[in-house]
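Working notes, beginning with the structure itself.
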Amino acid sequence: MKPRAVEWLDLNCLNYVYLTAIREPKDNVLELVIEQAPAADFREELEGLGMSPDDPVDLDPLLETYRIEFPNYVAYAIRDESFARNDTSEDYLGTLARLYRQSNFLDYVDSTSTGLRTNDRLQHYSLLCLEHVVEVVSMGKPNLTLLEPQ
């Protein structure tokens with residue numbers, strides 16, 4: 001089975017993910033690997049629904065893993081989820097995987113860079129993982145691949 005390409009906002013169909021790997025395989029290329037979190041990792045939500053993580057759930061037992069590659073990133077930051085705050089003045093689409101139209105991080109990158117934003121090619125992507133928040137400003141769309149189970 002061939003790995004399947006995925007669009008950024010399609011990641012919003014996942015409930016929770018873990019950031020399991022980050023690397024720069026080449027200059028200005030950022031690669032992230034995320035894994036879908038098992039139901040047992042969000043016990044409180046299940047209990048709020050009157051369920052237990054041990055109850056049988058109609059879910060595929062294989063959790064999905066994705067590789068995300070930003071081929072032309074300009075800047076990225078990773079924060080501890082506990083210290084990240086949601087700014088209501090920012091404008092974005094998505095929940096878990098966000099695509100910003102306006103953000104403080106994009107403003108910061110613009111103000112500390114050499115006029116890149118004037119051509120409106122910069123995009124701010126954010127991924128809200130369990131334990132981490134990943135922010136990436138890139139000149140192009142990321143390449144996302146759903147990896148085969150191993």
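By order of appearance in the structure tokens: chains A, B, ..., then residues from 1 within every chain, and ligands from 1 in the order shown.
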
Practice item. Considering only C-alpha atoms, return as a list in words whatever protein or nucleic-acid residues lie within 10 Å of range 105-114 of chain A, sequence-local ones (same chain, fewer than 5 positions apart) excluded. Key: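 Within the cut-off, the hits are Val74, Ala75, Tyr76, Ala77, Glu90, Tyr100, Leu122, Gln123, His124, Tyr125, Ser126, Glu135, Val136, Val137 and Ser138 of chain A.
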
Those residues you just picked out, can you put them in a file as a compact mmCIF listing (two decimals), in the first residue's frame with N, CA and C atoms?
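Final output, saved to out12.txt:
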# COMPACT_ATOMS: atom_id res chain seq x y z
N VAL A 74 10.76 29.30 7.01
CA VAL A 74 11.48 30.52 7.33
C VAL A 74 11.82 30.54 8.82
N ALA A 75 10.88 30.09 9.65
CA ALA A 75 11.09 30.05 11.10
C ALA A 75 10.16 29.01 11.70
N TYR A 76 10.60 28.45 12.83
CA TYR A 76 9.70 27.58 13.58
C TYR A 76 10.01 27.69 15.06
N ALA A 77 9.01 27.36 15.86
CA ALA A 77 9.16 27.38 17.31
C ALA A 77 8.34 26.23 17.88
N GLU A 90 -5.96 36.74 17.05
CA GLU A 90 -5.40 36.06 15.88
C GLU A 90 -6.52 35.46 15.03
N TYR A 100 -3.05 30.19 9.82
CA TYR A 100 -3.31 31.56 10.25
C TYR A 100 -3.36 32.53 9.08
N LEU A 122 4.29 34.18 2.65
CA LEU A 122 4.49 33.50 3.93
C LEU A 122 3.17 33.00 4.50
N GLN A 123 3.20 31.78 5.03
CA GLN A 123 2.04 31.18 5.68
C GLN A 123 2.46 30.72 7.07
N HIS A 124 1.56 30.89 8.03
CA HIS A 124 1.81 30.43 9.40
C HIS A 124 0.94 29.20 9.66
N TYR A 125 1.61 28.09 9.98
CA TYR A 125 0.94 26.84 10.32
C TYR A 125 1.22 26.56 11.79
N SER A 126 0.22 26.04 12.50
CA SER A 126 0.40 25.69 13.90
C SER A 126 -0.23 24.33 14.14
N GLU A 135 4.86 25.85 15.87
CA GLU A 135 4.55 26.99 15.00
C GLU A 135 5.56 26.98 13.86
N VAL A 136 5.09 27.09 12.62
CA VAL A 136 5.98 27.12 11.46
C VAL A 136 5.53 28.21 10.51
N VAL A 137 6.46 29.06 10.11
CA VAL A 137 6.22 30.02 9.03
C VAL A 137 7.00 29.51 7.84
N SER A 138 6.29 29.38 6.73
CA SER A 138 6.87 28.75 5.55
C SER A 138 6.51 29.53 4.30

Check your understanding: Using only C-alpha atoms, which residues sit within 7 Å of range 95-99 of chain A once same-chain residues fewer than 2 positions away are excluded, as a ChimeraX atom specification?
Key -> /A:8-9,11-12,92-93,101,124-128

Give me the residues near Asp80 in chain A as a compact mmCIF listing (two decimals) with C-alpha atoms, in the first residue's frame, where near means some atom within 10 Å (using only C-alpha atoms) and where sequence neighbours in that chain fewer than 5 positions away do not count.
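Saved as around20.txt:
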# COMPACT_ATOMS: atom_id res chain seq x y z
CA CYS A 129 -0.08 18.43 20.04
CA LEU A 130 -0.31 16.83 23.46
CA GLU A 131 2.67 18.32 25.35
CA HIS A 132 3.81 20.61 22.47
CA VAL A 133 2.65 23.48 20.28
CA VAL A 134 4.51 23.71 16.97

Check your understanding: Near Pro71 in chain A, within 8 Å and counting only C-alpha atoms, which residues show up once chain neighbours fewer than 3 positions away are dropped, as a count of residues only?
Key -> 6

Practice item. For Ile34 in chain A, list every protein, DNA or RNA residue within 7 Å, evaluated using only C-alpha atoms, and leave out those in the same chain fewer than 5 positions away; present the list as a PyMOL selection string. Key: chain A and resi 17-20+65-67

Exercise for review: Would you work out the distance separating CA of Gln36 in chain A from CA of Ile78 in chain A, expressed in Å to one decimal?
Suggested key: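 CA of Gln36 in chain A sits 18.4 Å away from CA of Ile78 in chain A.
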
Practice item. Would you mind telling me which residue in A:Val6, A:Met139, A:Val33, A:Ala39 lies nearest to Tyr73 in chain A when using only C-alpha atoms? Key: A:Met139

Check your understanding: Using only C-alpha atoms, which of the listed residues (A:Glu148, A:Glu69, A:Asp27, A:Asp87) sits closest to Arg4 in chain A?
Key ->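 Using only C-alpha atoms, Arg4 in chain A sits closest to A:Glu148.
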
Point to revise | Coordinates-based distance that separates CA of Tyr16 in chain A from CA of Ser89 in chain A (Å, one decimal) | key: 24.3 Å

Point to revise | Point-to-point distance from CA of Thr145 in chain A to CA of Ile22 in chain A, Å rounded to tenths | key: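 Separation of CA of Thr145 in chain A and CA of Ile22 in chain A: 14.9 Å.
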